[in-house]
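Visitor: Sharing input06.cif (mmCIF, C-alpha atoms) below.
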```cif
data_structure
#
loop_
_atom_site.group_PDB
_atom_site.id
_atom_site.type_symbol
_atom_site.label_atom_id
_atom_site.label_comp_id
_atom_site.auth_asym_id
_atom_site.auth_seq_id
_atom_site.Cartn_x
_atom_site.Cartn_y
_atom_site.Cartn_z
ATOM 1 C CA MET A 335 -41.125 4.791 -48.528
ATOM 2 C CA GLU A 336 -41.753 8.056 -50.374
ATOM 3 C CA GLN A 337 -41.826 11.029 -48.055
ATOM 4 C CA ALA A 338 -41.409 14.712 -48.837
ATOM 5 C CA PHE A 339 -39.837 17.169 -46.429
ATOM 6 C CA SER A 340 -39.950 20.936 -46.375
ATOM 7 C CA ILE A 341 -36.811 22.965 -45.707
ATOM 8 C CA LYS A 342 -38.234 23.698 -42.257
ATOM 9 C CA ASP A 343 -38.551 19.948 -41.650
ATOM 10 C CA LEU A 344 -34.861 19.530 -42.499
ATOM 11 C CA GLU A 345 -33.999 22.326 -40.091
ATOM 12 C CA ASN A 346 -35.970 20.655 -37.301
ATOM 13 C CA ILE A 347 -34.535 17.189 -37.945
ATOM 14 C CA CYS A 348 -30.887 18.037 -38.683
ATOM 15 C CA GLY A 349 -30.397 21.185 -36.627
ATOM 16 C CA ILE A 350 -29.142 23.177 -39.623
ATOM 17 C CA LYS A 351 -30.866 26.533 -40.145
ATOM 18 C CA ALA A 352 -32.995 26.834 -43.297
ATOM 19 C CA HIS A 353 -30.991 29.925 -44.298
ATOM 20 C CA THR A 354 -27.759 27.900 -44.092
ATOM 21 C CA ILE A 355 -29.260 25.048 -46.128
ATOM 22 C CA ARG A 356 -30.195 27.538 -48.878
ATOM 23 C CA ILE A 357 -26.645 28.931 -48.899
ATOM 24 C CA TRP A 358 -25.163 25.428 -49.101
ATOM 25 C CA GLU A 359 -27.475 24.631 -52.020
ATOM 26 C CA LYS A 360 -26.559 27.792 -53.907
ATOM 27 C CA ARG A 361 -22.820 27.836 -53.163
ATOM 28 C CA TYR A 362 -21.944 24.133 -53.008
ATOM 29 C CA HIS A 363 -24.889 22.466 -54.804
ATOM 30 C CA LEU A 364 -25.186 20.263 -51.730
ATOM 31 C CA LEU A 365 -28.855 19.341 -52.233
ATOM 32 C CA GLU A 366 -31.116 19.393 -55.276
ATOM 33 C CA PRO A 367 -34.663 19.981 -54.049
ATOM 34 C CA LYS A 368 -37.719 19.505 -56.173
ATOM 35 C CA ARG A 369 -40.133 22.394 -56.564
ATOM 36 C CA THR A 370 -43.898 22.438 -56.192
ATOM 37 C CA ASP A 371 -46.150 24.293 -58.613
ATOM 38 C CA THR A 372 -45.871 27.273 -56.272
ATOM 39 C CA ASN A 373 -42.029 27.058 -56.311
ATOM 40 C CA ILE A 374 -41.682 25.698 -52.749
ATOM 41 C CA ARG A 375 -38.681 23.443 -52.086
ATOM 42 C CA THR A 376 -39.350 19.798 -51.205
ATOM 43 C CA TYR A 377 -36.758 17.187 -50.277
ATOM 44 C CA ASP A 378 -36.749 13.398 -50.427
ATOM 45 C CA MET A 379 -35.334 10.799 -48.040
ATOM 46 C CA GLU A 380 -31.950 10.789 -49.763
ATOM 47 C CA SER A 381 -31.644 14.537 -49.179
ATOM 48 C CA LEU A 382 -32.454 14.037 -45.489
ATOM 49 C CA LYS A 383 -29.897 11.246 -45.221
ATOM 50 C CA LYS A 384 -27.218 13.362 -46.919
ATOM 51 C CA LEU A 385 -27.880 16.400 -44.729
ATOM 52 C CA LEU A 386 -27.748 14.295 -41.555
ATOM 53 C CA ASN A 387 -24.333 12.998 -42.612
ATOM 54 C CA VAL A 388 -23.119 16.481 -43.517
ATOM 55 C CA SER A 389 -24.332 17.953 -40.217
ATOM 56 C CA PHE A 390 -22.512 15.155 -38.384
ATOM 57 C CA LEU A 391 -19.209 16.001 -40.099
ATOM 58 C CA VAL A 392 -19.721 19.745 -39.600
ATOM 59 C CA ASN A 393 -20.290 19.132 -35.883
ATOM 60 C CA CYS A 394 -17.029 17.142 -35.868
ATOM 61 C CA GLY A 395 -15.157 20.178 -37.172
ATOM 62 C CA TYR A 396 -15.028 19.587 -40.936
ATOM 63 C CA LYS A 397 -15.573 22.571 -43.246
ATOM 64 C CA ILE A 398 -18.615 22.501 -45.498
ATOM 65 C CA SER A 399 -16.402 23.548 -48.437
ATOM 66 C CA ARG A 400 -14.426 20.331 -47.940
ATOM 67 C CA ILE A 401 -17.406 18.074 -47.285
ATOM 68 C CA SER A 402 -19.222 19.273 -50.420
ATOM 69 C CA LYS A 403 -16.411 17.903 -52.613
ATOM 70 C CA LEU A 404 -16.589 14.398 -51.157
ATOM 71 C CA SER A 405 -18.370 11.510 -52.856
ATOM 72 C CA GLU A 406 -20.997 9.547 -50.945
ATOM 73 C CA GLU A 407 -18.479 6.764 -50.346
ATOM 74 C CA GLU A 408 -15.891 9.223 -49.042
ATOM 75 C CA VAL A 409 -18.446 10.781 -46.677
ATOM 76 C CA TYR A 410 -19.074 7.346 -45.152
ATOM 77 C CA GLU A 411 -15.326 6.724 -44.863
ATOM 78 C CA TYR A 412 -14.895 10.000 -42.980
ATOM 79 C CA ILE A 413 -17.850 9.254 -40.704
ATOM 80 C CA ASN A 414 -16.611 5.743 -39.916
ATOM 81 C CA SER A 415 -13.093 7.011 -39.179
ATOM 82 C CA ILE A 416 -14.341 9.240 -36.349
ATOM 83 C CA VAL A 417 -14.567 7.019 -33.293
ATOM 84 C CA SER A 418 -15.426 8.288 -29.807
ATOM 85 C CA ASP A 419 -18.289 7.859 -27.363
ATOM 86 C CA LYS A 420 -19.864 11.162 -28.444
ATOM 87 C CA THR A 421 -19.595 10.525 -32.173
ATOM 88 C CA THR A 422 -20.944 7.001 -31.720
ATOM 89 C CA VAL A 423 -23.973 8.467 -29.949
ATOM 90 C CA ASP A 424 -24.468 11.200 -32.564
ATOM 91 C CA ARG A 425 -24.126 8.757 -35.452
ATOM 92 C CA SER A 426 -26.569 6.368 -33.794
ATOM 93 C CA LEU A 427 -29.124 9.141 -33.235
ATOM 94 C CA ASN A 428 -29.002 9.927 -36.953
ATOM 95 C CA SER A 429 -29.485 6.244 -37.804
ATOM 96 C CA LEU A 430 -32.437 5.975 -35.427
ATOM 97 C CA LYS A 431 -34.066 9.053 -36.960
ATOM 98 C CA LEU A 432 -33.655 7.648 -40.463
ATOM 99 C CA ALA A 433 -35.079 4.328 -39.282
ATOM 100 C CA MET A 434 -38.064 6.161 -37.808
ATOM 101 C CA PHE A 435 -38.840 8.056 -41.020
ATOM 102 C CA ASN A 436 -38.526 4.869 -43.080
ATOM 103 C CA PHE A 437 -40.326 2.724 -40.463
ATOM 104 C CA ASN A 438 -37.268 0.489 -40.771
ATOM 105 C CA THR A 439 -37.415 -1.868 -37.791
ATOM 106 C CA ALA A 440 -34.239 -3.736 -38.751
ATOM 107 C CA LEU A 441 -32.145 -0.546 -38.896
ATOM 108 C CA PHE A 442 -33.579 0.689 -35.589
ATOM 109 C CA VAL A 443 -32.934 -2.607 -33.804
ATOM 110 C CA ASP A 444 -29.472 -3.092 -35.346
ATOM 111 C CA THR A 445 -28.487 0.417 -34.240
ATOM 112 C CA LEU A 446 -29.620 -0.265 -30.675
ATOM 113 C CA GLU A 447 -27.815 -3.605 -30.606
ATOM 114 C CA GLY A 448 -24.637 -1.903 -31.828
ATOM 115 C CA LEU A 449 -24.902 0.582 -28.982
ATOM 116 C CA ARG A 450 -25.441 -2.198 -26.442
ATOM 117 C CA GLU A 451 -22.207 -3.853 -27.561
ATOM 118 C CA ARG A 452 -20.382 -0.706 -26.476
ATOM 119 C CA PHE A 453 -22.460 0.766 -23.628
ATOM 120 C CA ASP A 454 -24.592 -0.514 -20.763
ATOM 121 C CA PHE A 455 -28.363 -0.163 -21.011
ATOM 122 C CA LYS A 456 -28.627 2.896 -18.734
ATOM 123 C CA THR A 457 -26.073 4.787 -20.821
ATOM 124 C CA VAL A 458 -27.973 3.968 -24.000
ATOM 125 C CA PHE A 459 -31.230 5.133 -22.414
ATOM 126 C CA TYR A 460 -29.859 8.359 -20.936
ATOM 127 C CA ASP A 461 -27.559 9.370 -23.805
ATOM 128 C CA VAL A 462 -29.474 8.101 -26.839
ATOM 129 C CA LEU A 463 -33.078 7.106 -26.206
ATOM 130 C CA LEU A 464 -34.090 10.000 -23.943
ATOM 131 C CA PRO A 465 -32.648 12.623 -26.338
ATOM 132 C CA LEU A 466 -34.359 10.810 -29.221
ATOM 133 C CA LEU A 467 -37.717 10.808 -27.418
ATOM 134 C CA ASN A 468 -37.328 14.504 -26.543
ATOM 135 C CA GLU A 469 -36.548 15.273 -30.168
ATOM 136 C CA ILE A 470 -39.537 13.234 -31.316
ATOM 137 C CA GLY A 471 -41.701 15.358 -29.033
ATOM 138 C CA MET A 472 -40.364 18.515 -30.670
ATOM 139 C CA LEU A 473 -40.794 17.114 -34.191
ATOM 140 C CA TRP A 474 -44.361 16.087 -33.369
ATOM 141 C CA GLN A 475 -45.186 19.581 -32.057
ATOM 142 C CA THR A 476 -43.848 21.162 -35.253
ATOM 143 C CA ASN A 477 -45.827 18.703 -37.446
ATOM 144 C CA THR A 478 -42.609 17.266 -38.898
ATOM 145 C CA ILE A 479 -43.756 13.792 -37.858
ATOM 146 C CA ASN A 480 -47.079 12.316 -36.793
ATOM 147 C CA SER A 481 -48.223 9.891 -34.120
ATOM 148 C CA THR A 482 -47.402 6.817 -36.238
ATOM 149 C CA HIS A 483 -43.689 7.675 -36.060
ATOM 150 C CA GLU A 484 -43.911 8.100 -32.297
ATOM 151 C CA HIS A 485 -45.750 4.793 -31.834
ATOM 152 C CA PHE A 486 -43.236 3.002 -34.046
ATOM 153 C CA VAL A 487 -40.289 4.200 -31.946
ATOM 154 C CA THR A 488 -41.824 3.846 -28.485
ATOM 155 C CA ASN A 489 -43.021 0.308 -29.102
ATOM 156 C CA ILE A 490 -39.559 -0.870 -30.161
ATOM 157 C CA ILE A 491 -38.043 0.821 -27.110
ATOM 158 C CA LYS A 492 -40.626 -0.892 -24.896
ATOM 159 C CA GLN A 493 -39.676 -4.256 -26.372
ATOM 160 C CA LYS A 494 -36.031 -3.580 -25.494
ATOM 161 C CA LEU A 495 -37.000 -2.490 -21.981
ATOM 162 C CA TRP A 496 -38.897 -5.735 -21.429
ATOM 163 C CA VAL A 497 -35.859 -7.748 -22.562
ATOM 164 C CA GLU A 498 -33.708 -5.828 -20.071
ATOM 165 C CA ILE A 499 -36.315 -6.312 -17.336
ATOM 166 C CA ASP A 500 -36.443 -10.046 -18.005
ATOM 167 C CA GLN A 501 -32.666 -10.297 -17.515
ATOM 168 C CA LEU A 502 -32.639 -8.123 -14.384
ATOM 169 C CA GLN A 503 -35.498 -9.972 -12.672
ATOM 170 C CA LYS A 504 -33.292 -13.048 -12.417
ATOM 171 C CA LYS A 505 -30.921 -11.050 -10.188
ATOM 172 C CA SER A 506 -33.450 -9.375 -7.864
ATOM 173 C CA THR A 507 -32.683 -10.851 -4.453
ATOM 174 C CA ASN A 508 -33.184 -7.892 -2.084
ATOM 175 C CA ILE A 509 -36.457 -8.519 -0.227
ATOM 176 C CA GLU A 510 -36.093 -5.554 2.129
ATOM 177 C CA LYS A 511 -38.704 -3.676 0.074
ATOM 178 C CA THR A 512 -41.040 -4.481 -2.776
ATOM 179 C CA PHE A 513 -41.787 -1.767 -5.331
ATOM 180 C CA VAL A 514 -45.207 -1.662 -6.981
ATOM 181 C CA LEU A 515 -45.158 0.183 -10.290
ATOM 182 C CA TYR A 516 -48.396 1.489 -11.771
ATOM 183 C CA LEU A 517 -49.982 4.365 -13.696
ATOM 184 C CA PRO A 518 -53.147 6.039 -12.377
ATOM 185 C CA ALA A 519 -56.546 5.693 -14.015
ATOM 186 C CA GLY A 520 -56.537 7.297 -17.459
ATOM 187 C CA GLU A 521 -52.756 7.184 -17.887
ATOM 188 C CA ILE A 522 -51.636 4.799 -20.637
ATOM 189 C CA ASN A 523 -48.028 5.598 -21.647
ATOM 190 C CA ASP A 524 -45.926 3.259 -19.530
ATOM 191 C CA LEU A 525 -42.526 3.743 -21.200
ATOM 192 C CA SER A 526 -41.108 5.862 -18.334
ATOM 193 C CA LEU A 527 -42.479 3.396 -15.808
ATOM 194 C CA LEU A 528 -40.723 0.548 -17.604
ATOM 195 C CA PHE A 529 -37.410 2.358 -17.367
ATOM 196 C CA ILE A 530 -37.973 3.015 -13.665
ATOM 197 C CA ASN A 531 -38.539 -0.735 -13.341
ATOM 198 C CA THR A 532 -35.057 -1.371 -14.787
ATOM 199 C CA ILE A 533 -33.529 1.074 -12.277
ATOM 200 C CA ILE A 534 -35.167 -0.662 -9.319
ATOM 201 C CA LEU A 535 -34.317 -4.159 -10.535
ATOM 202 C CA SER A 536 -30.700 -3.149 -11.191
ATOM 203 C CA LYS A 537 -30.424 -2.390 -7.457
ATOM 204 C CA GLY A 538 -31.561 -5.920 -6.668
ATOM 205 C CA TYR A 539 -35.050 -5.102 -5.389
ATOM 206 C CA ARG A 540 -38.203 -7.038 -6.226
ATOM 207 C CA THR A 541 -40.887 -5.298 -8.275
ATOM 208 C CA ILE A 542 -44.555 -5.847 -9.017
ATOM 209 C CA PHE A 543 -45.348 -4.210 -12.355
ATOM 210 C CA LEU A 544 -49.071 -3.434 -12.724
ATOM 211 C CA GLY A 545 -48.818 -1.143 -15.754
ATOM 212 C CA ALA A 546 -51.281 1.439 -16.989
ATOM 213 C CA ASN A 547 -54.729 2.643 -15.952
ATOM 214 C CA VAL A 548 -54.839 1.261 -12.381
ATOM 215 C CA THR A 549 -57.525 2.414 -9.928
ATOM 216 C CA LEU A 550 -57.058 3.113 -6.223
ATOM 217 C CA ASP A 551 -59.499 0.341 -5.302
ATOM 218 C CA PHE A 552 -57.318 -2.179 -7.110
ATOM 219 C CA LEU A 553 -54.250 -0.903 -5.245
ATOM 220 C CA LYS A 554 -56.031 -1.057 -1.878
ATOM 221 C CA ASN A 555 -56.588 -4.780 -2.347
ATOM 222 C CA LEU A 556 -52.890 -5.332 -2.984
ATOM 223 C CA ALA A 557 -51.873 -3.070 -0.083
ATOM 224 C CA GLU A 558 -53.818 -5.241 2.345
ATOM 225 C CA LEU A 559 -52.111 -8.428 1.160
ATOM 226 C CA GLN A 560 -48.456 -7.320 1.201
ATOM 227 C CA ASN A 561 -46.146 -5.656 3.713
ATOM 228 C CA ASN A 562 -43.504 -2.976 3.290
ATOM 229 C CA LEU A 563 -44.540 -1.801 -0.180
ATOM 230 C CA VAL A 564 -43.307 1.245 -2.059
ATOM 231 C CA PHE A 565 -45.804 2.321 -4.711
ATOM 232 C CA VAL A 566 -44.199 4.104 -7.666
ATOM 233 C CA SER A 567 -46.194 6.072 -10.221
ATOM 234 C CA TYR A 568 -45.586 8.473 -13.091
ATOM 235 C CA PHE A 569 -48.026 11.340 -13.737
ATOM 236 C CA THR A 570 -47.960 12.659 -17.330
ATOM 237 C CA LEU A 571 -51.552 13.613 -18.166
ATOM 238 C CA TYR A 572 -53.445 12.159 -15.215
ATOM 239 C CA PRO A 573 -54.511 13.002 -12.615
ATOM 240 C CA HIS A 574 -55.572 16.384 -14.007
ATOM 241 C CA LEU A 575 -53.532 19.240 -12.584
ATOM 242 C CA GLU A 576 -56.283 20.395 -10.244
ATOM 243 C CA ASP A 577 -56.737 16.821 -8.954
ATOM 244 C CA VAL A 578 -53.096 15.914 -8.205
ATOM 245 C CA ASN A 579 -53.073 16.895 -4.528
ATOM 246 C CA GLU A 580 -56.475 15.349 -3.884
ATOM 247 C CA TYR A 581 -55.272 12.105 -5.485
ATOM 248 C CA ILE A 582 -52.093 11.997 -3.389
ATOM 249 C CA THR A 583 -54.010 12.810 -0.199
ATOM 250 C CA SER A 584 -56.502 10.025 -0.909
ATOM 251 C CA PHE A 585 -53.664 7.616 -1.616
ATOM 252 C CA LYS A 586 -51.952 8.553 1.635
ATOM 253 C CA ASP A 587 -55.142 8.206 3.715
ATOM 254 C CA GLU A 588 -56.466 5.026 2.109
ATOM 255 C CA ILE A 589 -53.294 3.086 1.289
ATOM 256 C CA CYS A 590 -50.186 4.483 2.987
ATOM 257 C CA LEU A 591 -51.346 5.220 6.527
ATOM 258 C CA PRO A 592 -53.413 2.067 7.218
ATOM 259 C CA ASN A 593 -50.607 -0.216 6.015
ATOM 260 C CA GLU A 594 -47.432 1.868 6.478
ATOM 261 C CA HIS A 595 -46.682 1.820 2.763
ATOM 262 C CA GLU A 596 -44.948 4.586 0.783
ATOM 263 C CA LEU A 597 -45.808 6.437 -2.443
ATOM 264 C CA TRP A 598 -43.080 7.746 -4.750
ATOM 265 C CA VAL A 599 -44.332 9.878 -7.631
ATOM 266 C CA MET A 600 -42.652 11.244 -10.753
ATOM 267 C CA GLY A 601 -43.709 12.955 -13.962
ATOM 268 C CA ARG A 602 -44.450 16.224 -15.687
ATOM 269 C CA ARG A 603 -47.497 16.940 -13.538
ATOM 270 C CA LEU A 604 -45.332 17.238 -10.411
ATOM 271 C CA SER A 605 -43.421 20.257 -11.763
ATOM 272 C CA GLU A 606 -46.690 22.147 -12.188
ATOM 273 C CA VAL A 607 -48.094 21.844 -8.673
ATOM 274 C CA GLU A 608 -46.798 21.992 -5.102
ATOM 275 C CA VAL A 609 -47.251 18.547 -3.571
ATOM 276 C CA PRO A 610 -47.290 18.128 0.235
ATOM 277 C CA VAL A 611 -44.504 15.626 0.921
ATOM 278 C CA SER A 612 -44.122 13.574 4.091
ATOM 279 C CA ALA A 613 -42.314 10.523 5.415
ATOM 280 C CA LEU A 614 -44.653 8.372 3.313
ATOM 281 C CA ILE A 615 -44.820 10.552 0.188
ATOM 282 C CA LYS A 616 -41.792 11.303 -2.024
ATOM 283 C CA VAL A 617 -41.788 13.520 -5.119
ATOM 284 C CA ILE A 618 -38.928 12.737 -7.529
ATOM 285 C CA TYR A 619 -38.130 14.970 -10.491
ATOM 286 C CA SER A 620 -35.755 12.909 -12.647
ATOM 287 C CA PHE A 621 -34.614 9.352 -13.311
ATOM 288 C CA LYS A 622 -31.162 10.145 -11.959
ATOM 289 C CA ASP A 623 -32.693 11.532 -8.762
ATOM 290 C CA PHE A 624 -34.616 8.274 -8.490
ATOM 291 C CA GLU A 625 -31.348 6.337 -8.725
ATOM 292 C CA LYS A 626 -29.821 8.392 -5.935
ATOM 293 C CA ILE A 627 -32.812 7.910 -3.641
ATOM 294 C CA ILE A 628 -32.983 4.163 -4.114
ATOM 295 C CA ASP A 629 -29.253 3.608 -3.515
#
```
In structure tokens, write the structure found in this file.

Guide:
Amino acid sequence: MEQAFSIKDLENICGIKAHTIRIWEKRYHLLEPKRTDTNIRTYDMESLKKLLNVSFLVNCGYKISRISKLSEEEVYEYINSIVSDKTTVDRSLNSLKLAMFNFNTALFVDTLEGLRERFDFKTVFYDVLLPLLNEIGMLWQTNTINSTHEHFVTNIIKQKLWVEIDQLQKKSTNIEKTFVLYLPAGEINDLSLLFINTIILSKGYRTIFLGANVTLDFLKNLAELQNNLVFVSYFTLYPHLEDVNEYITSFKDEICLPNEHELWVMGRRLSEVEVPVSALIKVIYSFKDFEKIID
């Protein structure tokens, strides 16, 4: 797939300053950019791939003067000879980014499967997928990528989460509590909720996954039919900031108190407003905090 990158795009993707890239071009002839009619540098996918590999070796302690003299085959030999948990993660992140830019599903999936052969799913999520998603957010904000790249990545990750969930559900035998996972009305991105589902299931608890865009009326019906429920939600865009406390108060009055259920809430919205917590309402600020609370 033909795609042109600016030098600023390369800086954002590879973490190498544009000024440094220019020096490497001039001194070591590392990259050979094309020029627009207005003399602006543009780079192709091969340039991006090369710079990702170079940045990897530089981060491993190799000098650019040495790297610049290596052939493409020698660069790969050096990269493959460096084996540690950190370098495996860094190398995989580069592969996932290349897969994203090329919309290469096979490369993305193969990279994830390679990671799973070495690490458990939580490690892959915390050390690889979360950093990748955070970087995607930054690249999207700087217009280096667009929403199609984000959708491509998140949908593959969701598929992998569902596979993990399917395996974990077979081992959920703890009936002390049942966790109901849902997103409030208007909220549609359920990726974080899916990962929370894997955390809960890994502890042996039963879950009821309702997904996105669920109204309070729908939840009230469920609350009346089941006992000892813990509702878990993730607020990203909804409720609106000014409506968060009203939403939680309504949930407490209409669902928690009449049935002695709990509400655990996470998400970006919770860091922007002071939520009144109680014995029935918990505010959790990270996935790792969630793990500690559920243990």

Visitor: Would you mind reading off the distance between atom CA of A:Leu430 and atom CA of A:Phe442, one decimal, in Å?

Guide: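 For atom CA of A:Leu430 relative to atom CA of A:Phe442, the distance reads 5.4 Å.
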
Visitor: Would you work out the distance separating atom CA of A:Glu606 from atom CA of A:Ala519, expressed in Å to one decimal?

Guide: 19.3 Å

Visitor: Pick out the residues sitting within 10 Å of A:Thr512, and hand them over as a VMD selection string; count all atoms listed in the file, and ignore anything fewer than 3 positions along from it in its own chain.

Guide: chain A and resid 508 to 509 515 534 539 to 542 560 to 565

Visitor: Residues of the last selection are to be written out with C-alpha atoms, as a short mmCIF file (atom, residue, chain, number, x, y, z; two decimals), keeping the file's coordinate frame.

Guide:
```cif
data_model
loop_
_atom_site.label_atom_id
_atom_site.label_comp_id
_atom_site.auth_asym_id
_atom_site.auth_seq_id
_atom_site.Cartn_x
_atom_site.Cartn_y
_atom_site.Cartn_z
CA ASN A 508 -33.18 -7.89 -2.08
CA ILE A 509 -36.46 -8.52 -0.23
CA LEU A 515 -45.16 0.18 -10.29
CA ILE A 534 -35.17 -0.66 -9.32
CA TYR A 539 -35.05 -5.10 -5.39
CA ARG A 540 -38.20 -7.04 -6.23
CA THR A 541 -40.89 -5.30 -8.28
CA ILE A 542 -44.56 -5.85 -9.02
CA GLN A 560 -48.46 -7.32 1.20
CA ASN A 561 -46.15 -5.66 3.71
CA ASN A 562 -43.50 -2.98 3.29
CA LEU A 563 -44.54 -1.80 -0.18
CA VAL A 564 -43.31 1.25 -2.06
CA PHE A 565 -45.80 2.32 -4.71
#
```

Visitor: Report as a list of chain:residue names the residues that result from applying the PyMOL selection byres ((chain A and resi 546) around 8) to the structure here.

Guide: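 Residues picked by the PyMOL selection byres ((chain A and resi 546) around 8): A:Tyr516, A:Leu517, A:Pro518, A:Ala519, A:Gly520, A:Glu521, A:Ile522, A:Asn523, A:Asp524, A:Leu544, A:Gly545, A:Asn547, A:Val548.
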
Visitor: Could you list, as a list in words, every residue matched by the PyMOL selection byres ((chain A and resi 401) around 10) in this structure?

Guide: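 So the PyMOL selection byres ((chain A and resi 401) around 10), applied here, picks out Tyr362, Leu364, Asn387, Val388, Ser389, Leu391, Val392, Tyr396, Lys397, Ile398, Ser399, Arg400, Ser402, Lys403, Leu404, Ser405, Glu406, Glu408, Val409 and Tyr412 of chain A.
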
Visitor: Which residues come within 6 Å of A:Trp598, counting all atoms listed in the file, excluding same-chain residues fewer than 6 positions away, as a compact mmCIF listing (two decimals) with C-alpha atoms, in the frame of the given file?

Guide:
```txt
# COMPACT_ATOMS: atom_id res chain seq x y z
CA VAL A 566 -44.20 4.10 -7.67
CA ILE A 615 -44.82 10.55 0.19
CA LYS A 616 -41.79 11.30 -2.02
CA VAL A 617 -41.79 13.52 -5.12
```

Visitor: Apply the PyMOL selection byres ((chain A and resi 379-382) around 7) to the file shown and report the selected residues as a ChimeraX atom specification.

Guide: /A:337,344,365,377-378,383-386

Visitor: When distances are computed from all atoms listed in the file, which of A:Phe552, A:Phe453, A:Phe435, A:Phe513 shows the smallest separation from A:Asn480?

Guide: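 Of A:Phe552, A:Phe453, A:Phe435, A:Phe513, the one nearest A:Asn480 is A:Phe435, counting all atoms listed in the file.
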
Visitor: May I ask for the distance between atom CA of A:Glu510 and atom CA of A:Gln493, given in Å to one decimal place?

Guide: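 Distance between the two atoms: 28.8 Å.
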
Visitor: Could you name the residues that touch A:Thr421 at 12 Å or less, counting only C-alpha atoms, but leaving out those on the same chain fewer than 5 positions away, as a PyMOL selection string?

Guide: chain A and resi 387+389-395+412-416+426-428+449+461-462

Visitor: Mind dumping the selected residues with C-alpha atoms as a compact mmCIF listing (two decimals), keeping the file's coordinate frame?

Guide:
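Result written to part-v7.txt:
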```txt
# COMPACT_ATOMS: atom_id res chain seq x y z
CA ASN A 387 -24.33 13.00 -42.61
CA SER A 389 -24.33 17.95 -40.22
CA PHE A 390 -22.51 15.16 -38.38
CA LEU A 391 -19.21 16.00 -40.10
CA VAL A 392 -19.72 19.74 -39.60
CA ASN A 393 -20.29 19.13 -35.88
CA CYS A 394 -17.03 17.14 -35.87
CA GLY A 395 -15.16 20.18 -37.17
CA TYR A 412 -14.90 10.00 -42.98
CA ILE A 413 -17.85 9.25 -40.70
CA ASN A 414 -16.61 5.74 -39.92
CA SER A 415 -13.09 7.01 -39.18
CA ILE A 416 -14.34 9.24 -36.35
CA SER A 426 -26.57 6.37 -33.79
CA LEU A 427 -29.12 9.14 -33.24
CA ASN A 428 -29.00 9.93 -36.95
CA LEU A 449 -24.90 0.58 -28.98
CA ASP A 461 -27.56 9.37 -23.80
CA VAL A 462 -29.47 8.10 -26.84
```

Visitor: Give me, as an mmCIF file with C-alpha atoms, keeping the file's coordinate frame, all polymer residues having an atom no more than 8 Å from stretch 351-355 of chain A, counting only C-alpha atoms and skipping those fewer than 5 positions away in the same chain.

Guide:
```cif
data_model
loop_
_atom_site.group_PDB
_atom_site.id
_atom_site.type_symbol
_atom_site.label_atom_id
_atom_site.label_comp_id
_atom_site.auth_asym_id
_atom_site.auth_seq_id
_atom_site.Cartn_x
_atom_site.Cartn_y
_atom_site.Cartn_z
ATOM 1 C CA ILE A 341 -36.811 22.965 -45.707
ATOM 2 C CA LYS A 342 -38.234 23.698 -42.257
ATOM 3 C CA LEU A 344 -34.861 19.530 -42.499
ATOM 4 C CA GLU A 345 -33.999 22.326 -40.091
#
```

Visitor: Between A:Tyr581, A:Trp358, A:Phe459, A:Tyr619, which is the closest to A:Lys492 once you count all atoms listed in the file?

Guide: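 Selected residue with least distance to A:Lys492: A:Phe459.
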